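As structure tokens, the structure follows; a few thoughts come after it.
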There are 2 protein chains.
Amino acid sequence: MRPDDIRQHNLSLLLSHVHRDGALTRAELTQRLSLSRSTVGALVGDLAQLGLVEEVVPNGGARVGRPSHVVAPHACGPYAVGVDVDVAHVTVAAITLGGTITAREVIATDGVVKPDGLVRLVVDAMRRLGSAVASPGRVCGIGVSVPGTVDVSTGLIGVAPNLGWEGVPLGEMLEAELPTQAPVVVGNDADLAVLAEHERGSARDCDDVVFLIGRIGVGAGIIINGVPVRGRDGHAGEIGHNVLDPSGPLCHCGKHGCIETFLGEGALLELAGRRLPRTDSKVAALFADARAGDVAALGAIRAAAETLGRTIANLLNTLNPERVILGGSLGDVLELARPDVEEAVVRYTFGDAGPGVVLETPAFGPDSALVGAGEVAFTALLADPR
Amino acid sequence: MRPDDIRQHNLSLLLSHVHRDGALTRAELTQRLSLSRSTVGALVGDLAQLGLVEEVVPNGGARVGRPSHVVAPHACGPYAVGVDVDVAHVTVAAITLGGTITAREVIATDGVVKPDGLVRLVVDAMRRLGSAVASPGRVCGIGVSVPGTVDVSTGLIGVAPNLGWEGVPLGEMLEAELPTQAPVVVGNDADLAVLAEHERGSARDCDDVVFLIGRIGVGAGIIINGVPVRGRDGHAGEIGHNVLDPSGPLCHCGKHGCIETFLGEGALLELAGRRLPRTDSKVAALFADARAGDVAALGAIRAAAETLGRTIANLLNTLNPERVILGGSLGDVLELARPDVEEAVVRYTFGDAGPGVVLETPAFGPDSALVGAGEVAFTALLADPR
């Protein structure tokens, strides 16, 4: 490597540590990067001059002696825009270095959003966010989460069935309309959710983890040996249409008994005898009623829990991860009927891959995919902070 | 790195290239290792003195001018012992650097082999192989393939249901009885099969590949992003007891409709209306009859092909690999009913992860797991050739 490449590599590494772990002392950075104190000092100086980090005295901690300064993300540094496209609403947020969401807008779409409508919606929301965020920094990247298959390298959406989209060059469309040169990265919702939880949530320091997300559809984000699994076309994790029972309900895809016909939010409502079409408020009411002891609601959730356990068991048999994170409505199912889920997991798992697996809800609650969109939006800046 | 570590690293790298790719010229090695000609010369000298490589004039190729010498595995170098434990027979083979099987014994076990019986069988076979192999070299490692879950670090077998084994410390047992200090490595059959095909078979230069093996049971070996997937306890790929249809046949595991009840060799015989218990010769007869046009045999195989396609589709939806290799009886099913398999793959795969996936049979035929056992037996020697 040439000296300039080494410098870029070290700036990238230092900024990535501060982004991931928040404020760190120079001593901690020196140790983590295995560099000399003077080199770390020079790198911190460079990043400070770029407006990316600042040295501050941490709050609290009334220790004896002079307080140690820490290197922290700059309060007025650049921010990323994270966009989470769900079927019923779109969330647009400003996320700072360090991963804090500092402003957000949630825009209801009434279940219908077309690609060009989404582009306008994002452009408008970004303008408003720009004046709302305290930080006067620039936008360093835009990350977009969609419930569909994505070619990560081009931002082309293959199929997003619940949006009714097919072959949409969303990355290009956004880049053409945005009032900034910042790069746009489009990703699958479950892939981005597992990334967020692995980087800074429930699956930190866990090398084999599956994030199973249930919204209208069901999908999985997978990290194996510490590396995201995307597959040949970026379709890995599209398990919502794996058939659980060939004599099960008819799915909109034309097959019978897909996972989605048992665990999608529409299926949960039907199981509880509630009227379709599915809306956010009906789904929220179902879980609220179950928490309040409604027998039909709880019965539906316990039935779904059994199927969820079997779905998890299939993933455990295939990948034997350390941890499975259940997001969206599946997190509610876990909270309301954990014993049923666990019992089915053990029953349907081969050998001892089932007992002992950690099932949990996401540290970021409903925001995992949004936070993950922010993470990928920072990729370019972190790779080359200059 | 200290100079001695660098030397070990370079010796390891050079020997690994020659082991994987066979004879290479010094010029090729110089280019691949990005080292100087003189360094490569010194490394080749060291490895030759250790009896691991030799420089030879390649056969054939009547080129003009002085023939270029190539660096090849030493004809009298050390060899690995590969052991493939199947339910009906055990294969013990001598495998040289470069991956050539130079001698083998197949010992029928009539479907019953106990752990201590296997140890005796391997020790005896190794004694005979020792005099049979042309090479007077020493044994550098023993690799053992078993149809069950394995903790690779200890050689402890968790469950091997079709052998009736549970909690067997096979690695330790073999190390205690073998007349050599060579390391013993135990692995799952599908994991070793995919390793062999990835290193030197049908999946060379393919980073995402699944090897689906069908014998009495069904299992998968998975490589993702170029790295073997083992999971938390080494149970990854144990898909044989994933439930395909809850109203399917009763499985010996107590559940209904496991993949094994549709695609295991016993299931194939039953589908064709043949009498159980399954034997190697009955399975061979089934495929021979199907190839000769027997309607019932072919009908059974076409029915299995549909289920096989659905099983593959589930793996494609989950992992979106570039290639799926079908070994054991599943390779025969593919050869006899490829259109049925492919049709079901496309029908059950979400989006376009199905069309275009490469389905093929293993380059090593029935020997993939055996060759993989040889590969892991060389690990210690390749890591430190001195």
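Each chain in the structure tokens gets a letter, A, B and so on, in the order shown; residues start at 1 in every chain, and ligands are counted from 1 in the order they appear.
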
### Message
Within 8 Å of chain A, which residues belong to chain B? Use only C-alpha atoms and report them as a PyMOL selection string.
### Response
chain B and resi 158-159+208+220+224-225+227+229-239+241-246+255+313-314+316-322+348-351+353

#### Entry: For Gln8 in chain A: contacts at 8 Å, only C-alpha atoms, fewer than 5 positions along chain excluded, given as a PyMOL selection string
chain A and resi 384-386

Range 335-337 of chain B environment, 8 Å, only C-alpha atoms, sequence neighbours closer than 5 positions dropped, as a PDB file with C-alpha atoms, in the first residue's frame:
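Saved as result-v5.pdb:
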ATOM      1  CA  ALA B 290     -35.652 -46.767 -14.262  1.00  0.00           C
ATOM      2  CA  ARG B 291     -32.852 -46.299 -16.804  1.00  0.00           C
ATOM      3  CA  LEU B 298     -39.511 -44.123 -13.347  1.00  0.00           C
ATOM      4  CA  ILE B 301     -38.365 -41.129  -9.450  1.00  0.00           C
ATOM      5  CA  ARG B 302     -40.468 -38.501 -11.187  1.00  0.00           C
ATOM      6  CA  ALA B 305     -38.164 -35.206  -8.556  1.00  0.00           C
TER       7      ALA B 305
END

### Task
Pull the strand (DSSP E or B) assignments for range 23-116 of chain B out of DSSP run on the backbone, and list those residues as number ranges by chain.
B: 24-25, 53-56, 70-73, 79-85, 89-96, 101-108

### Message
Please compute the CA of Leu97 in chain B-CA of Leu11 in chain B distance, one decimal, in Å.
### Response
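A separation of 14.4 Å between them.
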
### Message
Would you pick out the contacts of Val81 in chain B at 7 Å or less, using only C-alpha atoms, so that residues sharing its chain but fewer than 2 positions from it are not included, and give the list as number ranges by chain?
### Response
B: 79, 83, 92-95, 139, 141-143, 374, 377

Would you export the selected residues with N, CA and C atoms as an mmCIF file, in the first residue's frame, please?
data_model
loop_
_atom_site.group_PDB
_atom_site.id
_atom_site.type_symbol
_atom_site.label_atom_id
_atom_site.label_comp_id
_atom_site.auth_asym_id
_atom_site.auth_seq_id
_atom_site.Cartn_x
_atom_site.Cartn_y
_atom_site.Cartn_z
ATOM 1 N N TYR B 79 0.866 -39.279 2.493
ATOM 2 C CA TYR B 79 -0.496 -39.383 1.995
ATOM 3 C C TYR B 79 -1.490 -39.238 3.147
ATOM 4 N N VAL B 83 -11.692 -41.537 5.181
ATOM 5 C CA VAL B 83 -12.633 -42.591 5.577
ATOM 6 C C VAL B 83 -14.040 -42.059 5.357
ATOM 7 N N VAL B 92 -12.229 -46.793 2.969
ATOM 8 C CA VAL B 92 -10.976 -46.248 3.506
ATOM 9 C C VAL B 92 -10.026 -46.103 2.330
ATOM 10 N N ALA B 93 -9.472 -44.901 2.156
ATOM 11 C CA ALA B 93 -8.654 -44.664 0.962
ATOM 12 C C ALA B 93 -7.376 -43.917 1.315
ATOM 13 N N ALA B 94 -6.343 -44.169 0.504
ATOM 14 C CA ALA B 94 -5.117 -43.388 0.586
ATOM 15 C C ALA B 94 -5.190 -42.319 -0.492
ATOM 16 N N ILE B 95 -4.931 -41.087 -0.100
ATOM 17 C CA ILE B 95 -5.066 -39.956 -1.028
ATOM 18 C C ILE B 95 -3.773 -39.150 -0.966
ATOM 19 N N VAL B 139 1.735 -41.325 6.760
ATOM 20 C CA VAL B 139 0.374 -40.793 6.806
ATOM 21 C C VAL B 139 0.421 -39.426 7.489
ATOM 22 N N GLY B 141 -2.345 -37.434 7.951
ATOM 23 C CA GLY B 141 -3.597 -37.064 8.614
ATOM 24 C C GLY B 141 -4.695 -38.035 8.219
ATOM 25 N N ILE B 142 -5.708 -38.118 9.065
ATOM 26 C CA ILE B 142 -6.838 -38.999 8.789
ATOM 27 C C ILE B 142 -8.106 -38.142 8.837
ATOM 28 N N GLY B 143 -8.877 -38.210 7.758
ATOM 29 C CA GLY B 143 -10.147 -37.482 7.721
ATOM 30 C C GLY B 143 -11.281 -38.489 7.674
ATOM 31 N N GLY B 374 -10.266 -36.531 2.692
ATOM 32 C CA GLY B 374 -8.840 -36.404 2.385
ATOM 33 C C GLY B 374 -8.383 -34.956 2.495
ATOM 34 N N ALA B 377 -7.882 -33.966 5.987
ATOM 35 C CA ALA B 377 -6.744 -34.690 6.558
ATOM 36 C C ALA B 377 -5.427 -33.999 6.217
#

### Query
With distances taken over only C-alpha atoms, which of A:Ala383, A:Val210, A:Asp116, A:Arg127 is nearest to Val168 in chain A?
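Between A:Ala383, A:Val210, A:Asp116, A:Arg127, the residue approaching Val168 in chain A most closely is A:Asp116.
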